[in-house]
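Source file: start_38.txt. Holds: compact mmCIF, C-alpha atoms.
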# COMPACT_ATOMS: atom_id res chain seq x y z
CA MET A 247 10.27 32.15 -50.25
CA VAL A 248 8.82 35.48 -49.29
CA PRO A 249 9.06 38.08 -52.07
CA GLY A 250 11.26 41.04 -51.31
CA GLU A 251 10.54 44.73 -51.47
CA ALA A 252 11.67 44.93 -55.10
CA GLU A 253 9.11 42.35 -56.26
CA LEU A 254 6.29 43.66 -54.09
CA HIS A 255 6.99 47.19 -55.28
CA GLY A 256 6.97 46.09 -58.91
CA TRP A 257 3.65 44.29 -58.45
CA MET A 258 2.10 47.27 -56.72
CA VAL A 259 3.16 49.66 -59.47
CA ALA A 260 1.79 47.26 -62.10
CA ALA A 261 -1.44 46.83 -60.10
CA LEU A 262 -1.94 50.60 -59.97
CA ALA A 263 -1.68 50.58 -63.76
CA GLY A 264 -4.44 47.93 -63.85
CA ASP A 265 -2.43 44.66 -64.06
CA ALA A 266 -4.74 42.07 -62.42
CA ALA A 267 -2.19 39.24 -62.36
CA ALA A 268 0.39 41.38 -60.57
CA TYR A 269 -2.31 42.56 -58.19
CA ARG A 270 -3.23 38.97 -57.32
CA ARG A 271 0.41 38.11 -56.60
CA LEU A 272 0.71 41.24 -54.47
CA LEU A 273 -2.39 40.45 -52.41
CA GLU A 274 -1.36 36.81 -51.92
CA ALA A 275 2.12 37.76 -50.76
CA SER A 276 0.69 40.53 -48.56
CA THR A 277 -1.74 38.02 -47.00
CA ARG A 278 1.18 35.87 -45.86
CA LEU A 279 3.09 38.86 -44.49
CA LEU A 280 0.02 40.24 -42.74
CA ARG A 281 -1.01 36.93 -41.18
CA ARG A 282 2.42 36.58 -39.62
CA TYR A 283 2.41 40.20 -38.52
CA PHE A 284 -0.96 40.00 -36.76
CA LEU A 285 -0.46 36.51 -35.32
CA LYS A 286 2.79 37.57 -33.77
CA ARG A 287 1.13 40.53 -32.07
CA LEU A 288 -2.16 38.90 -31.05
CA GLY A 289 -0.85 35.46 -30.16
CA PRO A 290 -2.06 32.07 -31.46
CA ALA A 291 -5.12 32.17 -29.17
CA ARG A 292 -6.51 35.03 -31.27
CA ALA A 293 -5.95 33.50 -34.67
CA ALA A 294 -9.54 34.33 -35.67
CA ASP A 295 -8.99 38.01 -34.88
CA ALA A 296 -5.76 37.90 -36.84
CA ASP A 297 -7.62 36.51 -39.86
CA ASP A 298 -10.23 39.26 -39.59
CA LEU A 299 -7.47 41.85 -39.45
CA VAL A 300 -5.79 40.35 -42.51
CA GLN A 301 -9.04 40.71 -44.44
CA GLU A 302 -9.65 44.25 -43.20
CA THR A 303 -6.14 45.20 -44.21
CA LEU A 304 -6.55 43.65 -47.67
CA LEU A 305 -9.74 45.70 -48.09
CA ALA A 306 -7.88 48.82 -46.97
CA ILE A 307 -5.05 48.13 -49.43
CA HIS A 308 -7.70 47.94 -52.12
CA SER A 309 -9.83 50.94 -51.27
CA ARG A 310 -6.94 53.20 -50.28
CA ARG A 311 -4.36 52.19 -52.87
CA ALA A 312 -4.36 55.75 -54.27
CA THR A 313 -2.45 56.82 -51.14
CA TYR A 314 0.57 54.71 -52.13
CA GLU A 315 3.43 56.77 -53.56
CA PRO A 316 5.47 54.63 -55.99
CA ASP A 317 8.72 56.36 -55.08
CA ARG A 318 8.50 54.99 -51.55
CA PRO A 319 8.94 51.39 -50.35
CA PHE A 320 5.76 49.29 -50.55
CA THR A 321 6.46 47.38 -47.34
CA VAL A 322 6.62 50.62 -45.36
CA TRP A 323 3.19 51.63 -46.68
CA LEU A 324 1.77 48.17 -46.01
CA HIS A 325 3.19 48.15 -42.52
CA ALA A 326 1.68 51.55 -41.72
CA ILE A 327 -1.76 50.32 -42.79
CA ALA A 328 -1.42 47.05 -40.85
CA ARG A 329 -0.28 48.94 -37.77
CA TYR A 330 -3.23 51.32 -37.99
CA ARG A 331 -5.67 48.39 -38.34
CA LEU A 332 -4.07 46.71 -35.32
CA ILE A 333 -4.31 49.82 -33.16
CA ASP A 334 -7.91 50.30 -34.31
CA HIS A 335 -8.59 46.68 -33.35
CA PHE A 336 -7.30 47.27 -29.83
CA ARG A 337 -9.33 50.46 -29.60
CA ARG A 338 -12.54 48.75 -30.67
CA SER A 339 -12.07 45.71 -28.46
CA GLY A 340 -11.06 47.87 -25.50
CA ARG A 341 -8.15 45.54 -24.92
CA ARG A 342 -4.61 46.64 -24.29
CA PRO A 343 -1.92 45.09 -26.42
CA THR A 344 -0.09 42.35 -24.52
CA VAL A 345 2.96 42.47 -26.76
CA PRO A 346 4.60 45.63 -28.09
CA ILE A 347 3.01 46.83 -31.32
CA ASP A 348 6.38 47.99 -32.53
CA ASP A 349 9.26 45.73 -31.72
CA VAL A 350 12.73 46.31 -32.98
CA ASP A 351 12.12 44.46 -36.24
CA GLU A 352 8.57 45.77 -36.68
CA ALA A 353 8.83 47.18 -40.16
CA ALA A 354 10.15 43.94 -41.55
CA PHE A 355 7.07 41.80 -40.85
CA ALA A 356 9.63 39.48 -39.36
CA SER A 357 8.79 36.02 -38.10
CA ASP A 358 10.67 33.54 -35.98
CA SER A 359 9.85 30.62 -38.24
CA ASP A 360 11.05 32.19 -41.43
CA GLU A 361 14.04 34.07 -40.21
CA SER A 362 16.13 34.33 -43.33
CA ALA A 363 13.28 35.31 -45.63
CA ALA A 364 12.21 37.97 -43.20
CA THR A 365 15.75 39.22 -42.85
CA ASN A 366 16.05 39.39 -46.61
CA LEU A 367 12.87 41.37 -46.82
CA ASP A 368 14.15 43.69 -44.15
CA LEU A 369 17.44 44.22 -45.96
CA ASP A 370 15.82 44.68 -49.34
CA ARG A 371 13.44 47.22 -47.95
CA LEU A 372 16.13 49.21 -46.17
CA LEU A 373 18.63 49.01 -48.99
CA ALA A 374 15.96 50.21 -51.41
CA THR A 375 16.14 53.56 -49.64
CA VAL A 376 19.74 54.38 -50.64
CA PRO A 377 21.11 55.10 -54.12
CA PRO A 378 21.98 52.03 -56.25
CA GLU A 379 25.75 52.55 -56.13
CA THR A 380 25.79 52.88 -52.35
CA ARG A 381 23.50 49.85 -52.13
CA LYS A 382 25.96 47.79 -54.15
CA MET A 383 28.91 48.84 -51.99
CA ILE A 384 27.05 48.05 -48.75
CA ARG A 385 26.09 44.65 -50.15
CA GLN A 386 29.62 43.81 -51.21
CA VAL A 387 31.37 44.93 -48.05
CA LYS A 388 28.87 44.46 -45.25
CA ILE A 389 26.88 41.48 -46.49
CA GLU A 390 29.18 39.54 -48.77
CA GLY A 391 32.23 40.43 -46.70
CA GLN A 392 34.50 41.63 -49.51
CA ALA A 393 37.52 43.74 -48.64
CA ILE A 394 37.14 47.49 -49.03
CA ALA A 395 40.29 47.57 -51.18
CA ASP A 396 38.78 45.03 -53.62
CA VAL A 397 35.54 46.95 -53.93
CA ALA A 398 37.50 50.15 -54.41
CA ALA A 399 39.58 48.59 -57.18
CA GLU A 400 36.51 47.13 -58.88
CA THR A 401 34.51 50.38 -58.84
CA GLY A 402 37.45 52.66 -59.59
CA ARG A 403 37.03 54.59 -56.33
CA THR A 404 39.55 55.30 -53.60
CA PRO A 405 39.16 53.13 -50.47
CA THR A 406 38.26 56.26 -48.51
CA ALA A 407 35.45 57.08 -50.95
CA VAL A 408 34.08 53.55 -50.53
CA LYS A 409 34.22 53.80 -46.75
CA VAL A 410 32.57 57.21 -46.71
CA GLY A 411 29.90 56.04 -49.16
CA ILE A 412 29.06 53.02 -47.03
CA HIS A 413 29.07 55.08 -43.87
CA ARG A 414 26.67 57.64 -45.34
CA GLY A 415 24.39 54.93 -46.68
CA LEU A 416 24.22 53.18 -43.33
CA ARG A 417 23.61 56.43 -41.53
CA ARG A 418 20.73 57.17 -43.87
CA ILE A 419 19.26 53.73 -43.23
CA THR A 420 19.61 54.21 -39.48
CA ALA A 421 17.90 57.59 -39.71
CA ARG A 422 15.06 55.99 -41.65
CA LEU A 423 14.68 53.23 -39.07
CA ARG A 424 14.44 55.80 -36.30
CA GLY A 425 12.31 58.33 -38.09
CA GLY A 426 10.06 56.04 -40.12
CA GLU A 427 9.89 58.28 -43.18
CA GLY A 428 13.17 60.10 -43.73
CA GLY A 429 14.41 61.32 -47.05
CA SER A 430 12.37 64.50 -47.09
CA MET B 155 -11.42 32.62 -46.99
CA SER B 156 -8.83 35.19 -48.01
CA ALA B 157 -8.86 33.59 -51.46
CA ASP B 158 -12.49 34.63 -52.03
CA LEU B 159 -11.71 38.13 -50.92
CA ILE B 160 -8.65 38.33 -53.15
CA ASP B 161 -10.76 37.10 -56.11
CA ARG B 162 -13.26 39.88 -55.48
CA LEU B 163 -10.62 42.57 -55.05
CA VAL B 164 -8.75 41.52 -58.18
CA ALA B 165 -12.01 41.54 -60.16
CA ASP B 166 -12.71 45.04 -58.88
CA LEU B 167 -9.27 46.41 -59.83
CA ALA B 168 -9.33 49.52 -61.98
CA PRO B 169 -6.28 51.53 -63.01
CA THR B 170 -5.48 54.22 -60.45
CA PRO B 171 -4.31 57.56 -61.85
CA ARG B 172 -0.88 58.63 -60.61
CA HIS B 173 -2.15 61.60 -58.63
CA ALA B 174 -5.54 60.29 -57.56
CA ALA B 175 -4.99 61.18 -53.89
CA VAL B 176 -3.92 64.76 -54.60
CA ARG B 177 -6.80 65.13 -57.05
CA ARG B 178 -9.28 64.08 -54.38
CA LEU B 179 -7.93 66.72 -51.99
CA ALA B 180 -8.05 69.32 -54.75
CA ILE B 181 -11.69 68.48 -55.50
CA GLY B 182 -12.75 68.61 -51.84
CA ILE B 183 -10.92 71.81 -51.01
CA GLY B 184 -11.66 73.42 -54.39
CA ALA B 185 -15.40 72.83 -53.98
CA GLY B 186 -15.21 74.21 -50.44
CA LEU B 187 -13.40 77.30 -51.70
CA VAL B 188 -16.10 77.98 -54.31
CA VAL B 189 -18.89 77.64 -51.72
CA SER B 190 -16.97 79.83 -49.26
CA ALA B 191 -16.43 82.55 -51.89
CA ILE B 192 -20.11 82.51 -52.90
CA LEU B 193 -21.11 82.66 -49.24
CA MET B 194 -18.86 85.70 -48.70
CA LEU B 195 -20.17 87.51 -51.79
CA LEU B 196 -23.85 86.92 -51.01
CA TRP B 197 -23.73 87.27 -47.23
CA LEU B 198 -20.96 89.77 -46.43
CA GLY B 199 -20.19 91.29 -49.83
CA PRO B 200 -16.80 92.34 -51.19
CA ARG B 201 -15.22 95.43 -49.67
CA PRO B 202 -16.53 98.59 -51.41
CA ASP B 203 -13.06 100.06 -51.89
CA MET B 204 -11.55 97.03 -53.65
CA MET B 205 -9.75 98.96 -56.39
CA PRO B 206 -7.91 101.52 -54.23
CA ALA B 207 -7.27 98.87 -51.57
CA MET B 208 -5.39 96.77 -54.09
CA ALA B 209 -2.77 99.49 -54.26
CA THR B 210 -1.98 99.14 -50.54
CA MET B 211 0.60 96.96 -48.84
CA ALA B 212 -1.94 95.88 -46.22
CA PHE B 213 -4.18 94.25 -48.82
CA TRP B 214 -1.36 92.12 -50.17
CA ALA B 215 -0.03 91.33 -46.70
CA LYS B 216 -3.42 89.86 -45.77
CA PHE B 217 -3.58 88.15 -49.15
CA ALA B 218 -0.17 86.48 -48.73
CA PHE B 219 -0.52 85.70 -45.02
CA THR B 220 -3.80 83.83 -45.41
CA LEU B 221 -2.96 82.17 -48.70
CA LEU B 222 0.39 80.88 -47.42
CA LEU B 223 -1.21 79.42 -44.30
CA GLY B 224 -3.86 77.78 -46.47
CA LEU B 225 -1.25 76.32 -48.80
CA ALA B 226 0.85 75.08 -45.87
CA GLY B 227 -2.28 73.35 -44.55
CA ILE B 228 -2.96 71.77 -47.93
CA ALA B 229 0.64 70.56 -48.24
CA ALA B 230 0.52 69.07 -44.73
CA ALA B 231 -2.87 67.49 -45.41
CA SER B 232 -1.65 65.79 -48.57
CA ARG B 233 1.18 64.26 -46.55
CA LEU B 234 -0.90 63.24 -43.55
CA ALA B 235 -3.55 61.73 -45.84
CA ARG B 236 -1.10 58.87 -46.38
CA PRO B 237 -0.54 56.12 -43.81
CA THR B 238 3.18 56.90 -43.46
CA GLY B 239 2.66 60.65 -43.51
CA ARG B 240 4.33 63.20 -41.29
CA ALA B 241 3.60 66.91 -41.33
CA GLY B 242 7.24 67.96 -41.67
CA ALA B 243 8.19 70.96 -43.77
CA PRO B 244 4.69 72.51 -44.12
CA LEU B 245 4.48 72.95 -40.34
CA ALA B 246 7.82 74.78 -40.41
CA MET B 247 6.40 76.99 -43.15
CA THR B 248 3.36 77.71 -40.95
CA ALA B 249 5.62 78.74 -38.09
CA ILE B 250 7.65 81.04 -40.36
CA VAL B 251 4.54 82.72 -41.78
CA LEU B 252 3.19 83.32 -38.26
CA ALA B 253 6.56 84.68 -37.13
CA VAL B 254 6.72 87.10 -40.07
CA ILE B 255 3.23 88.49 -39.45
CA ALA B 256 4.03 88.80 -35.73
CA VAL B 257 7.17 90.82 -36.49
CA LEU B 258 5.30 93.07 -38.94
CA ALA B 259 2.59 93.64 -36.34
CA LEU B 260 5.08 94.39 -33.60
CA VAL B 261 7.05 96.84 -35.72
CA GLN B 262 3.92 98.71 -36.80
CA PHE B 263 2.61 98.79 -33.24
CA MET B 264 5.82 100.11 -31.72
CA MET B 265 6.34 102.74 -34.40
CA ALA B 266 2.81 104.13 -33.97
CA PRO B 267 2.03 106.86 -31.38
CA ALA B 268 0.24 105.58 -28.28
CA PRO B 269 -3.18 107.09 -29.07
CA GLU B 270 -3.36 104.94 -32.21
CA HIS B 271 -2.68 101.68 -30.38
CA PRO B 272 -6.28 100.68 -29.64
CA ALA B 273 -7.24 101.17 -33.28
CA LEU B 274 -4.30 99.08 -34.45
CA LEU B 275 -5.32 96.27 -32.14
CA LEU B 276 -9.09 96.34 -32.42
CA GLY B 277 -9.93 98.10 -35.70
CA ILE B 278 -13.70 98.25 -36.08
CA SER B 279 -14.42 94.55 -36.47
CA ALA B 280 -12.29 92.68 -33.93
CA LEU B 281 -15.22 90.95 -32.29
CA VAL B 282 -16.77 89.61 -35.48
CA CYS B 283 -13.64 88.91 -37.53
CA PRO B 284 -12.68 85.48 -36.06
CA TRP B 285 -16.29 84.29 -36.24
CA TYR B 286 -16.70 85.30 -39.87
CA ILE B 287 -13.44 83.56 -40.71
CA MET B 288 -14.58 80.39 -38.97
CA ALA B 289 -17.93 80.53 -40.74
CA LEU B 290 -16.28 80.95 -44.13
CA SER B 291 -13.90 78.10 -43.27
CA LEU B 292 -16.72 75.68 -42.62
CA PRO B 293 -17.44 74.66 -46.24
CA LEU B 294 -13.70 74.29 -46.77
CA LEU B 295 -13.39 72.10 -43.69
CA VAL B 296 -16.25 69.89 -44.88
CA GLY B 297 -14.54 69.51 -48.27
CA ALA B 298 -11.11 68.80 -46.77
CA LEU B 299 -12.43 66.22 -44.30
CA TRP B 300 -14.49 64.55 -47.01
CA ALA B 301 -11.32 64.18 -49.09
CA MET B 302 -9.31 62.88 -46.12
CA ARG B 303 -11.96 60.29 -45.30
CA GLY B 304 -11.39 58.59 -48.63
CA LEU B 305 -7.63 58.52 -48.13
CA ALA B 306 -5.64 56.83 -45.38
CA PRO B 307 -4.62 59.13 -42.51
CA THR B 308 -3.25 57.29 -39.48
CA ARG B 309 -2.71 60.25 -37.13
CA LEU B 310 -6.28 61.37 -37.04
CA THR B 311 -6.11 64.40 -34.76
CA LEU B 312 -3.11 65.86 -36.55
CA ALA B 313 -4.60 65.09 -39.97
CA GLY B 314 -7.82 66.82 -38.93
CA ALA B 315 -5.88 69.79 -37.57
CA VAL B 316 -3.99 70.40 -40.80
CA ALA B 317 -7.23 70.02 -42.76
CA GLY B 318 -8.55 72.72 -40.40
CA LEU B 319 -5.47 74.85 -41.03
CA ALA B 320 -6.03 74.60 -44.78
CA ALA B 321 -9.71 75.48 -44.31
CA GLY B 322 -8.94 78.31 -41.86
CA GLY B 323 -6.21 79.83 -44.02
CA LEU B 324 -8.33 79.75 -47.16
CA GLY B 325 -11.42 80.88 -45.24
CA ALA B 326 -9.45 83.90 -44.00
CA PHE B 327 -8.20 84.42 -47.56
CA VAL B 328 -11.81 84.64 -48.77
CA TYR B 329 -12.69 86.89 -45.83
CA SER B 330 -9.83 89.28 -46.67
CA PHE B 331 -11.76 90.35 -49.78
CA HIS B 332 -14.56 91.57 -47.53
CA CYS B 333 -12.56 92.93 -44.60
CA ILE B 334 -11.47 96.59 -44.74
CA GLU B 335 -9.02 96.39 -41.84
CA SER B 336 -5.45 97.27 -42.74
CA ALA B 337 -3.52 97.25 -39.43
CA MET B 338 -1.01 94.41 -39.13
CA PRO B 339 -1.57 93.96 -35.35
CA PHE B 340 -5.27 93.46 -36.09
CA VAL B 341 -4.55 90.86 -38.75
CA ALA B 342 -1.93 89.09 -36.63
CA ILE B 343 -4.36 88.73 -33.72
CA TRP B 344 -7.87 88.32 -35.08
CA TYR B 345 -7.15 86.56 -38.36
CA SER B 346 -4.85 84.15 -36.55
CA LEU B 347 -7.52 83.55 -33.94
CA GLY B 348 -10.11 82.65 -36.60
CA ILE B 349 -7.63 80.34 -38.33
CA ALA B 350 -6.73 78.76 -34.98
CA GLY B 351 -10.42 78.15 -34.32
CA ALA B 352 -10.80 76.35 -37.65
CA THR B 353 -7.66 74.33 -36.91
CA MET B 354 -9.03 73.22 -33.54
CA ALA B 355 -12.39 72.35 -35.05
CA GLY B 356 -10.53 70.26 -37.62
CA ALA B 357 -8.55 68.47 -34.90
CA LEU B 358 -11.70 67.58 -32.95
CA LEU B 359 -13.66 66.52 -36.02
CA GLY B 360 -10.68 64.64 -37.41
CA ARG B 361 -10.46 62.51 -34.32
CA LEU B 362 -14.11 61.56 -34.67
CA MET B 363 -14.67 61.50 -38.42
CA LEU B 364 -11.44 60.30 -39.97
CA ARG B 365 -11.50 56.77 -38.57
CA TRP B 366 -11.41 53.94 -41.05

Structure encoded using structure tokens:
Amino acid sequence: MVPGEAELHGWMVAALAGDAAAYRRLLEASTRLLRRYFLKRLGPARAADADDLVQETLLAIHSRRATYEPDRPFTVWLHAIARYRLIDHFRRSGRRPTVPIDDVDEAAFASDSDESAATNLDLDRLLATVPPETRKMIRQVKIEGQAIADVAAETGRTPTAVKVGIHRGLRRITARLRGGEGGS
Amino acid sequence: MSADLIDRLVADLAPTPRHAAVRRLAIGIGAGLVVSAILMLLWLGPRPDMMPAMATMAFWAKFAFTLLLGLAGIAAASRLARPTGRAGAPLAMTAIVLAVIAVLALVQFMMAPAPEHPALLLGISALVCPWYIMALSLPLLVGALWAMRGLAPTRLTLAGAVAGLAAGGLGAFVYSFHCIESAMPFVAIWYSLGIAGATMAGALLGRLMLRW
């Protein structure tokens, strides 16, 4: 099971406060995410390069951890560092990337072998960017498939308010996917 | 293999203060500002008419124009020092500040009689002004780039450029305490040119020096 954004974020915040155990869990989970990320983009023939990049990225996480802002998703920060290391790798080796650096699911560190875990990570990360109440409504209606009327009754809102809330939340998520940062 | 590395990194973990990145930028740029101010005082000297000048609109226009550009550069730099950073709002602020000074310059120029136009444009120091500003920006640029190097910019040219904007704006701010020019067209042209020079120097150096 791959830890989701919520867990990774919690570990990172604890690590910044000096919690070594949380930091170890964070680095171990990041290692798995990063290995998949680099292998997918370099191909199995370059597994050694991928391992080097994993280590370089771990070092960068360590030495540049002050640049992480706790009010933003950890996976987005990690992805930006991994992406920079990958581009730097291509620049140094003078080789053009043979697969797109950014595919559709890029920010999710998705893998083919571990589809559901990766999808969960993706969802967690994206849902972490909208307010908790909106997040809950999106989960109930769009993921669990509950009827809008039921959710409205449960939360004491009108069905229109639920629909509008979900719509706004999804639009915000879409904007973030397109723009990368969003929110500001 | 990664396990050894993780052991070492965990052993090396020290608590990171909440605003460590901003503090690093403040130290780099603050130190540069001190050096720049000392350089101006020892090399160029403060303007002799400081007290009466402080009662004029022109003094405060230069003060605000340069300081706001410097602050916009700092704000953009603190965003672009992070791997996910985008320049965003501070660049809009830069554009607004430049637009305001351009309008002020234009109004003053058009309201003045034609014989005064050359003086409004060139003053007495047009040819040295941008160079002095760039020179006074240099220590600030060194400080800003030093700070950026320890952070994690991923758009190196842009990150260097906004470091240059911060250095240029604050360098011009320091210079404004020496410069006796008071015409807005002069400030809009020659100050902006000096700041633009520092910005370009930052972009070039950023590309080369900010790699990690």

Can you write out as CSV which residues of chain A fall within 7 Å of chain B, alongside each residue's closest atom pair and its distance in Å to one decimal, counting only C-alpha atoms and ordering rows by chain and ascending residue number?
residue,atom,partner,partner_atom,distance
A:Leu262,CA,B:Thr170,CA,5.1
A:Ala263,CA,B:Pro169,CA,4.8
A:Gly264,CA,B:Pro169,CA,4.1
A:Ala266,CA,B:Val164,CA,5.9
A:Tyr269,CA,B:Val164,CA,6.5
A:Arg270,CA,B:Val164,CA,6.1
A:Leu273,CA,B:Ile160,CA,6.7
A:Gln301,CA,B:Ser156,CA,6.6
A:His308,CA,B:Leu163,CA,6.8
A:Arg310,CA,B:Leu305,CA,5.8
A:Ala312,CA,B:Ala175,CA,5.5
A:Thr313,CA,B:Arg236,CA,5.4
A:Trp323,CA,B:Thr238,CA,6.2
A:Ala326,CA,B:Pro237,CA,5.5
A:Ile327,CA,B:Pro237,CA,6.0
A:Tyr330,CA,B:Thr308,CA,6.2
A:Glu427,CA,B:Thr238,CA,6.9

*How many Å lie between atom CA of B:Gly297 and atom CA of B:Ala321, rounded to one decimal?*
8.6 Å

As AutoDock Vina command-line options: centre and edge lengths in Å, one decimal, of the axis-aligned box holding stretch 200-219 of chain B with 6 Å per side:
--center_x -8.1 --center_y 93.6 --center_z -50.7 --size_x 29.4 --size_y 27.8 --size_z 23.4

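Going from atom CA of B:Phe327 over to atom CA of B:Phe217, you cover 6.1 Å.
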
Hey, can you pull every residue with an atom no more than 10 Å from (-4.5, 34.4, -42.9), using all atoms listed in the file, and send it as a compact mmCIF listing (two decimals) with C-alpha atoms, in the frame of the given file?
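Printed below is result23.txt as written:
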# COMPACT_ATOMS: atom_id res chain seq x y z
CA GLU A 274 -1.36 36.81 -51.92
CA SER A 276 0.69 40.53 -48.56
CA THR A 277 -1.74 38.02 -47.00
CA ARG A 278 1.18 35.87 -45.86
CA LEU A 279 3.09 38.86 -44.49
CA LEU A 280 0.02 40.24 -42.74
CA ARG A 281 -1.01 36.93 -41.18
CA ARG A 282 2.42 36.58 -39.62
CA PHE A 284 -0.96 40.00 -36.76
CA LEU A 285 -0.46 36.51 -35.32
CA ALA A 293 -5.95 33.50 -34.67
CA ALA A 294 -9.54 34.33 -35.67
CA ASP A 295 -8.99 38.01 -34.88
CA ALA A 296 -5.76 37.90 -36.84
CA ASP A 297 -7.62 36.51 -39.86
CA ASP A 298 -10.23 39.26 -39.59
CA LEU A 299 -7.47 41.85 -39.45
CA VAL A 300 -5.79 40.35 -42.51
CA GLN A 301 -9.04 40.71 -44.44
CA MET B 155 -11.42 32.62 -46.99
CA SER B 156 -8.83 35.19 -48.01
CA ALA B 157 -8.86 33.59 -51.46

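Separating atom CA of B:Ser336 from atom CA of B:Trp285 is a distance of 18.1 Å.
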
*Between B:Ala342, B:Ile334, B:Leu252, B:Val316, single out the one closest to B:Asp203, counting all atoms listed in the file.*
B:Ile334

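Of the residues listed (A:Thr406, A:Ile389, A:Arg287, A:Arg371), A:Arg371 shows the shortest atom-to-atom separation from A:Leu423; distances use only C-alpha atoms.
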
*Of the candidates B:Ser291, B:Gln262, B:Thr210, B:Ser190, which shows the shortest atom-to-atom distance to B:Thr353, using only C-alpha atoms?*
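So, comparing all the options, the nearest one is B:Ser291.
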
_Exercise: B:Gly351 partners within 9 Å, only C-alpha atoms, chain neighbours under 4 positions left out, as an MDAnalysis selection string_ = chainID B and resid 284:285 287:288 318:319 322 346:347 355:356

Since the input lacks atoms, please generate N, CA, C and O atoms for stretch 252-265 of chain A and provide them as a PDB file, in the coordinates of the input.
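As a result, rebuild-v3.pdb now contains:
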ATOM      1  N   ALA A 252      11.589  44.610 -53.667  1.00  0.00           N
ATOM      2  CA  ALA A 252      11.670  44.930 -55.100  1.00  0.00           C
ATOM      3  C   ALA A 252      10.501  44.295 -55.860  1.00  0.00           C
ATOM      4  O   ALA A 252       9.855  44.955 -56.676  1.00  0.00           O
ATOM      5  N   GLU A 253      10.212  43.017 -55.553  1.00  0.00           N
ATOM      6  CA  GLU A 253       9.110  42.350 -56.260  1.00  0.00           C
ATOM      7  C   GLU A 253       7.766  42.942 -55.868  1.00  0.00           C
ATOM      8  O   GLU A 253       6.920  43.222 -56.717  1.00  0.00           O
ATOM      9  N   LEU A 254       7.568  43.105 -54.562  1.00  0.00           N
ATOM     10  CA  LEU A 254       6.290  43.660 -54.090  1.00  0.00           C
ATOM     11  C   LEU A 254       6.055  45.042 -54.707  1.00  0.00           C
ATOM     12  O   LEU A 254       4.951  45.361 -55.166  1.00  0.00           O
ATOM     13  N   HIS A 255       7.107  45.843 -54.714  1.00  0.00           N
ATOM     14  CA  HIS A 255       6.990  47.190 -55.280  1.00  0.00           C
ATOM     15  C   HIS A 255       6.605  47.130 -56.751  1.00  0.00           C
ATOM     16  O   HIS A 255       5.714  47.843 -57.213  1.00  0.00           O
ATOM     17  N   GLY A 256       7.267  46.236 -57.485  1.00  0.00           N
ATOM     18  CA  GLY A 256       6.970  46.090 -58.910  1.00  0.00           C
ATOM     19  C   GLY A 256       5.520  45.681 -59.136  1.00  0.00           C
ATOM     20  O   GLY A 256       4.830  46.217 -60.018  1.00  0.00           O
ATOM     21  N   TRP A 257       5.043  44.738 -58.315  1.00  0.00           N
ATOM     22  CA  TRP A 257       3.650  44.290 -58.450  1.00  0.00           C
ATOM     23  C   TRP A 257       2.666  45.423 -58.143  1.00  0.00           C
ATOM     24  O   TRP A 257       1.649  45.581 -58.797  1.00  0.00           O
ATOM     25  N   MET A 258       3.003  46.185 -57.103  1.00  0.00           N
ATOM     26  CA  MET A 258       2.100  47.270 -56.720  1.00  0.00           C
ATOM     27  C   MET A 258       2.010  48.314 -57.829  1.00  0.00           C
ATOM     28  O   MET A 258       0.925  48.791 -58.167  1.00  0.00           O
ATOM     29  N   VAL A 259       3.152  48.661 -58.393  1.00  0.00           N
ATOM     30  CA  VAL A 259       3.160  49.660 -59.470  1.00  0.00           C
ATOM     31  C   VAL A 259       2.343  49.140 -60.659  1.00  0.00           C
ATOM     32  O   VAL A 259       1.526  49.861 -61.242  1.00  0.00           O
ATOM     33  N   ALA A 260       2.541  47.852 -60.986  1.00  0.00           N
ATOM     34  CA  ALA A 260       1.790  47.260 -62.100  1.00  0.00           C
ATOM     35  C   ALA A 260       0.297  47.228 -61.774  1.00  0.00           C
ATOM     36  O   ALA A 260      -0.551  47.504 -62.626  1.00  0.00           O
ATOM     37  N   ALA A 261      -0.029  46.897 -60.507  1.00  0.00           N
ATOM     38  CA  ALA A 261      -1.440  46.830 -60.100  1.00  0.00           C
ATOM     39  C   ALA A 261      -2.098  48.206 -60.237  1.00  0.00           C
ATOM     40  O   ALA A 261      -3.243  48.320 -60.689  1.00  0.00           O
ATOM     41  N   LEU A 262      -1.374  49.250 -59.860  1.00  0.00           N
ATOM     42  CA  LEU A 262      -1.940  50.600 -59.970  1.00  0.00           C
ATOM     43  C   LEU A 262      -2.214  50.952 -61.424  1.00  0.00           C
ATOM     44  O   LEU A 262      -3.106  51.741 -61.732  1.00  0.00           O
ATOM     45  N   ALA A 263      -1.442  50.338 -62.326  1.00  0.00           N
ATOM     46  CA  ALA A 263      -1.680  50.580 -63.760  1.00  0.00           C
ATOM     47  C   ALA A 263      -2.786  49.671 -64.291  1.00  0.00           C
ATOM     48  O   ALA A 263      -3.138  49.766 -65.467  1.00  0.00           O
ATOM     49  N   GLY A 264      -3.314  48.762 -63.433  1.00  0.00           N
ATOM     50  CA  GLY A 264      -4.440  47.930 -63.850  1.00  0.00           C
ATOM     51  C   GLY A 264      -4.084  46.483 -64.133  1.00  0.00           C
ATOM     52  O   GLY A 264      -4.915  45.731 -64.642  1.00  0.00           O
ATOM     53  N   ASP A 265      -2.875  46.031 -63.788  1.00  0.00           N
ATOM     54  CA  ASP A 265      -2.430  44.660 -64.060  1.00  0.00           C
ATOM     55  C   ASP A 265      -3.005  43.701 -62.999  1.00  0.00           C
ATOM     56  O   ASP A 265      -2.521  43.644 -61.866  1.00  0.00           O
TER      57      ASP A 265
END
